[in-house]
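Okay, structure first, notes after.
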2 protein chains.
Amino acid sequence: MRRREFLATPLAAQSKEVKALAFDVFGTVVDWRGTIIREGARWGKDRGLSVDWARFADRWRAGYGPAMDKVRKGILPWTRIDDLHRLILNDLLREFRIEGLSEEEKDNWNRVWHRLTPWPDAAPGLARLKQRYIIATLSNGNLSLLVNMAKAGGLPWDAVLSSELFRHYKPDREVYLGAADLLGCRPAEVMMVAAHSGDLRAARLCGLRTAFVWRPDEYGPGKGERAPEGSSDIVARNFQDLADRLK
Amino acid sequence: MRRREFLATPLAAQSKEVKALAFDVFGTVVDWRGTIIREGARWGKDRGLSVDWARFADRWRAGYGPAMDKVRKGILPWTRIDDLHRLILNDLLREFRIEGLSEEEKDNWNRVWHRLTPWPDAAPGLARLKQRYIIATLSNGNLSLLVNMAKAGGLPWDAVLSSELFRHYKPDREVYLGAADLLGCRPAEVMMVAAHSGDLRAARLCGLRTAFVWRPDEYGPGKGERAPEGSSDIVARNFQDLADRLK
């Protein structure tokens, strides 16, 4: 049934006016969980650590929403994601009883988020989409994180846009409307691309078009969102499929 | 004598810590004057206009500093360069007695700044520099202008940074320091690249490294700045030469 939904989704007529595609990044473009597990296993082996790296990755990611909420509630001042990741990491190192790390090691491990591996279809799909559309990140990751990630992963963005530019995290309206404004577009001329219904719902409420991309293994094998809650102009299997549908 | 200066400029030892290059764009990366003359001549011929397009280009560019000053003095609210260009254009159309244009024609002509042609060495030089450094714009042009220009001219920026992000124009300090901060760099890890001494002087006062690039024809044949006033870590003939010197 879900499969049929993928095949049947037509390109909404209004999508023809789309000029720019704005991409969620963590989970949609890059595989945060797989990368952390792989790097953790390699690093842990060197250090003789016995850690469940899948659990470590999931806990790190799980800390991120509550950390942003602390900023939203004014408990923390505006904080870039690198620093939120580091606050969460400090707690995790205690929780997983990883001790004796130098500041440099902690900083390097925190910057694993700058080195996340793209899903295999991401870079080639973006290269196709770039021929016709402005392609931009629209991520809660800070700008330098996204720039370093793009260089490491060969992601050919036309513009790197981050919540940092607006001092608001997604799903706050300021991020979606601010991105459209910077790109010189009306909201309806921007299509938000994400593997997460919450992100797309917020974008749609701001008047953006939306494309759901299926990342079935984001939270572990078969544990990603399988279909968007609510409507979406496009539902695509991956970025190559998205390029086919937008042709 | 000037020629010897080019050949003798050594790479300052401190420049080894440079991680990111921030580029001025109008005049440094793209030939605003030549593009406006060429487009103007073509457009004027179609419309049967007799206009000195070199003078038109120079007058348009000359209006830009005073227009930014109106914003600095609070006479105008924050205004993106597209809109400043349009205000100046409205005056120029009267001055050059160009009449009867539709809004669409005026808008299209105003957007010539989105289509400025890169100097011949710019795109290949940037491609070399990108292999080793983060390469970013740092221009008073608004973000969408710079993104459209990069797509049209094949400029492979890692990040498109604009005065628009800081609501300050160069040479205000906020632009240079804000760019270093967004790139996750200390000021000394960023090198400002420009064909204009004023831009480099302001960057240096903020602690950035500087590279002067010679654009001898920017204001007409032989009328560009020939050498920087004051010191510069690097003086280069063009972007290929800059890549050679930074190797």
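Labeling convention for the structure tokens: chains A, B, ... as they appear, residues from 1 per chain, ligands from 1 in order of appearance.
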Residue neighbourhood Glu218 (chain A), 12 Å, only C-alpha atoms, exclusion window fewer than 4 positions, as a PyMOL selection string:
chain A and resi 25-35+54+57-58+61+118-119+194-196+213-214+222-226
Apply DSSP to the structure's backbone, then extract all residues of region 16-110 of chain A labelled helix (DSSP H, G or I) and return them as JSON, numbers by chain.
{"A": [16, 17, 32, 33, 34, 35, 36, 37, 38, 39, 40, 41, 42, 43, 44, 45, 46, 47, 53, 54, 55, 56, 57, 58, 59, 60, 61, 62, 64, 65, 66, 67, 68, 69, 70, 71, 72, 81, 82, 83, 84, 85, 86, 87, 88, 89, 90, 91, 92, 93, 94, 95, 103, 104, 105, 106, 107, 108, 109, 110]}
May I have a table of the residues of chain B lying at most 9 Å from chain A, giving each one's closest pair of atoms and their distance in Å to one decimal, counting only C-alpha atoms, ordered by chain and ascending residue number, as a tab-separated table?
```
residue	atom	partner	partner_atom	distance
B:Lys130	CA	A:Lys151	CA	8.9
B:Gln131	CA	A:Lys151	CA	8.9
B:Ile134	CA	A:Val147	CA	8.0
B:Asn142	CA	A:Leu182	CA	7.8
B:Leu143	CA	A:Leu182	CA	5.9
B:Ser144	CA	A:Leu183	CA	4.8
B:Leu145	CA	A:Gly184	CA	8.3
B:Val147	CA	A:Asp158	CA	6.3
B:Asn148	CA	A:Ile134	CA	8.3
B:Ala150	CA	A:Asp158	CA	7.7
B:Lys151	CA	A:Asp158	CA	7.4
B:Pro156	CA	A:Asp158	CA	8.2
B:Trp157	CA	A:Asp158	CA	7.6
B:Asp158	CA	A:Val147	CA	6.3
B:Ala159	CA	A:Val160	CA	5.9
B:Val160	CA	A:Ala159	CA	5.9
B:Leu161	CA	A:Ala159	CA	8.9
B:Glu164	CA	A:Leu182	CA	8.3
B:Leu165	CA	A:Leu165	CA	6.9
B:Phe166	CA	A:Leu165	CA	8.9
B:Asp181	CA	A:Ser144	CA	8.7
B:Leu182	CA	A:Leu143	CA	5.9
B:Leu183	CA	A:Ser144	CA	4.7
B:Gly184	CA	A:Ser144	CA	5.4
B:Cys185	CA	A:Ser144	CA	8.7
```
Could you give me, as a list in words, each residue of region 15-191 of chain B that DSSP assigns to strand (DSSP E) when run on this structure's backbone?
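These are the residues in question: Ala20, Leu21, Ala22, Phe23, Val30, Asp31, Thr117, Pro118, Ile134, Ile135, Ala136, Thr137, Leu138, Ser139, Ala159, Val160, Leu161, Ser162, Val190 and Met191 of chain B.
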Keeping C-alpha atoms, export the residues of the selection given above as a CSV table (one decimal), in the first residue's frame.
```csv
chain,number,residue,atom,x,y,z
B,20,ALA,CA,39.2,30.0,4.6
B,21,LEU,CA,39.4,32.6,1.8
B,22,ALA,CA,36.7,35.3,1.7
B,23,PHE,CA,36.3,37.0,-1.7
B,30,VAL,CA,33.4,39.5,-11.9
B,31,ASP,CA,33.8,42.2,-14.5
B,117,THR,CA,30.7,37.7,-16.2
B,118,PRO,CA,33.6,36.3,-14.2
B,134,ILE,CA,37.1,26.9,2.2
B,135,ILE,CA,36.2,29.5,-0.4
B,136,ALA,CA,33.4,31.9,0.3
B,137,THR,CA,32.0,35.2,-1.1
B,138,LEU,CA,32.1,38.2,1.2
B,139,SER,CA,30.3,40.8,-0.8
B,159,ALA,CA,29.6,29.2,1.1
B,160,VAL,CA,27.9,32.3,-0.1
B,161,LEU,CA,28.3,35.0,2.5
B,162,SER,CA,26.8,38.4,2.1
B,190,VAL,CA,40.5,33.9,7.2
B,191,MET,CA,42.1,35.7,4.3
```
Rounded to one decimal, what separation in Å do you get between CA of Lys73 (chain A) and CA of Cys206 (chain A)?
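Going from CA of Lys73 (chain A) over to CA of Cys206 (chain A) covers 22.2 Å.
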Test item: residues at most 10 Å from Ala41 (chain A), only C-alpha atoms, excluding those fewer than 3 positions along its chain, as a ChimeraX atom specification:
/A:35-38,44-54
Residues just named, written with N, CA and C atoms as a PDB file, in the first residue's frame:
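Saved file out.pdb follows:
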```
ATOM      1  N   THR A  35      27.272   6.760  10.409  1.00  0.00           N
ATOM      2  CA  THR A  35      28.605   7.357  10.504  1.00  0.00           C
ATOM      3  C   THR A  35      29.132   7.299  11.944  1.00  0.00           C
ATOM      4  N   ILE A  36      28.262   7.643  12.893  1.00  0.00           N
ATOM      5  CA  ILE A  36      28.706   7.636  14.296  1.00  0.00           C
ATOM      6  C   ILE A  36      29.040   6.211  14.738  1.00  0.00           C
ATOM      7  N   ILE A  37      28.248   5.255  14.305  1.00  0.00           N
ATOM      8  CA  ILE A  37      28.532   3.858  14.671  1.00  0.00           C
ATOM      9  C   ILE A  37      29.884   3.429  14.092  1.00  0.00           C
ATOM     10  N   ARG A  38      30.117   3.751  12.827  1.00  0.00           N
ATOM     11  CA  ARG A  38      31.388   3.339  12.191  1.00  0.00           C
ATOM     12  C   ARG A  38      32.595   4.031  12.840  1.00  0.00           C
ATOM     13  N   GLY A  44      36.785   3.438  19.228  1.00  0.00           N
ATOM     14  CA  GLY A  44      36.694   2.639  20.452  1.00  0.00           C
ATOM     15  C   GLY A  44      37.667   1.473  20.440  1.00  0.00           C
ATOM     16  N   LYS A  45      37.871   0.901  19.267  1.00  0.00           N
ATOM     17  CA  LYS A  45      38.808  -0.226  19.154  1.00  0.00           C
ATOM     18  C   LYS A  45      40.228   0.247  19.487  1.00  0.00           C
ATOM     19  N   ASP A  46      40.600   1.407  18.903  1.00  0.00           N
ATOM     20  CA  ASP A  46      41.924   1.976  19.180  1.00  0.00           C
ATOM     21  C   ASP A  46      42.120   2.220  20.676  1.00  0.00           C
ATOM     22  N   ARG A  47      41.032   2.620  21.347  1.00  0.00           N
ATOM     23  CA  ARG A  47      41.133   2.993  22.763  1.00  0.00           C
ATOM     24  C   ARG A  47      40.761   1.850  23.698  1.00  0.00           C
ATOM     25  N   GLY A  48      40.396   0.695  23.113  1.00  0.00           N
ATOM     26  CA  GLY A  48      40.005  -0.442  23.938  1.00  0.00           C
ATOM     27  C   GLY A  48      38.691  -0.245  24.684  1.00  0.00           C
ATOM     28  N   LEU A  49      37.753   0.527  24.079  1.00  0.00           N
ATOM     29  CA  LEU A  49      36.465   0.777  24.719  1.00  0.00           C
ATOM     30  C   LEU A  49      35.450  -0.272  24.282  1.00  0.00           C
ATOM     31  N   SER A  50      34.581  -0.644  25.199  1.00  0.00           N
ATOM     32  CA  SER A  50      33.485  -1.533  24.841  1.00  0.00           C
ATOM     33  C   SER A  50      32.178  -0.753  24.992  1.00  0.00           C
ATOM     34  N   VAL A  51      31.680  -0.256  23.884  1.00  0.00           N
ATOM     35  CA  VAL A  51      30.517   0.642  23.903  1.00  0.00           C
ATOM     36  C   VAL A  51      29.524   0.184  22.842  1.00  0.00           C
ATOM     37  N   ASP A  52      28.255   0.255  23.149  1.00  0.00           N
ATOM     38  CA  ASP A  52      27.200   0.004  22.159  1.00  0.00           C
ATOM     39  C   ASP A  52      27.040   1.294  21.347  1.00  0.00           C
ATOM     40  N   TRP A  53      27.725   1.371  20.217  1.00  0.00           N
ATOM     41  CA  TRP A  53      27.777   2.643  19.476  1.00  0.00           C
ATOM     42  C   TRP A  53      26.444   3.013  18.838  1.00  0.00           C
ATOM     43  N   ALA A  54      25.638   2.029  18.520  1.00  0.00           N
ATOM     44  CA  ALA A  54      24.298   2.349  17.991  1.00  0.00           C
ATOM     45  C   ALA A  54      23.500   3.073  19.080  1.00  0.00           C
TER      46      ALA A  54
END
```
Could you state the separation of CA of Leu129 (chain A) and CA of Ala179 (chain A) in Å, given to one decimal place?
18.3 Å
Show which residues sit within 12 Å of Asp172 (chain A), as number ranges by chain. Count only C-alpha atoms, and ignore same-chain residues fewer than 5 positions away.
A: 68-69, 72, 139-140, 163, 166-167, 177-179, 198-203, 205-206
I'd like the contact shell of Asp241 (chain A) - 12 Å cut-off, only C-alpha atoms, skipping same-chain residues fewer than 6 positions apart - returned as a CSV table (one decimal) with N, CA and C atoms, in the first residue's frame.
```csv
chain,number,residue,atom,x,y,z
A,6,PHE,N,4.0,5.7,-3.2
A,6,PHE,CA,5.2,6.2,-3.8
A,6,PHE,C,5.0,6.4,-5.4
A,7,LEU,N,4.5,5.3,-6.0
A,7,LEU,CA,4.4,5.3,-7.4
A,7,LEU,C,3.4,6.2,-8.0
A,9,THR,N,2.2,9.1,-6.6
A,9,THR,CA,2.3,10.6,-6.2
A,9,THR,C,2.6,11.4,-7.5
A,121,ASP,N,22.7,8.0,-2.8
A,121,ASP,CA,22.1,8.8,-3.9
A,121,ASP,C,22.2,10.3,-3.7
A,122,ALA,N,22.7,10.8,-2.6
A,122,ALA,CA,22.6,12.2,-2.3
A,122,ALA,C,23.4,13.1,-3.2
A,124,PRO,N,25.0,12.4,-6.2
A,124,PRO,CA,24.6,12.4,-7.6
A,124,PRO,C,23.2,13.0,-7.8
A,125,GLY,N,22.3,12.7,-6.9
A,125,GLY,CA,21.0,13.3,-7.1
A,125,GLY,C,21.0,14.8,-7.0
A,126,LEU,N,21.8,15.4,-6.1
A,126,LEU,CA,21.9,16.8,-6.0
A,126,LEU,C,22.5,17.4,-7.2
A,128,ARG,N,22.2,16.4,-10.2
A,128,ARG,CA,21.1,16.5,-11.2
A,128,ARG,C,20.1,17.7,-10.9
A,129,LEU,N,19.7,17.8,-9.7
A,129,LEU,CA,18.7,18.8,-9.3
A,129,LEU,C,19.3,20.2,-9.4
A,211,ALA,N,8.6,18.1,-0.3
A,211,ALA,CA,8.9,16.8,-0.8
A,211,ALA,C,9.4,15.9,0.3
A,212,PHE,N,8.7,14.8,0.5
A,212,PHE,CA,9.1,13.8,1.4
A,212,PHE,C,10.0,12.8,0.8
A,213,VAL,N,11.2,12.6,1.4
A,213,VAL,CA,12.1,11.6,0.8
A,213,VAL,C,12.2,10.5,1.9
A,214,TRP,N,12.1,9.3,1.4
A,214,TRP,CA,12.1,8.1,2.3
A,214,TRP,C,13.5,7.7,2.7
A,234,ILE,N,5.3,16.1,-3.2
A,234,ILE,CA,6.0,15.0,-3.8
A,234,ILE,C,6.4,14.0,-2.7
A,235,VAL,N,6.4,12.7,-3.0
A,235,VAL,CA,6.9,11.7,-2.2
A,235,VAL,C,7.9,10.9,-3.0
A,247,LYS,N,11.4,16.4,-13.0
A,247,LYS,CA,11.8,16.8,-14.4
A,247,LYS,C,10.6,17.4,-15.2
```
So how far away is CA of Val112 (chain A) from CA of Leu92 (chain A), in Å?
14.7 Å
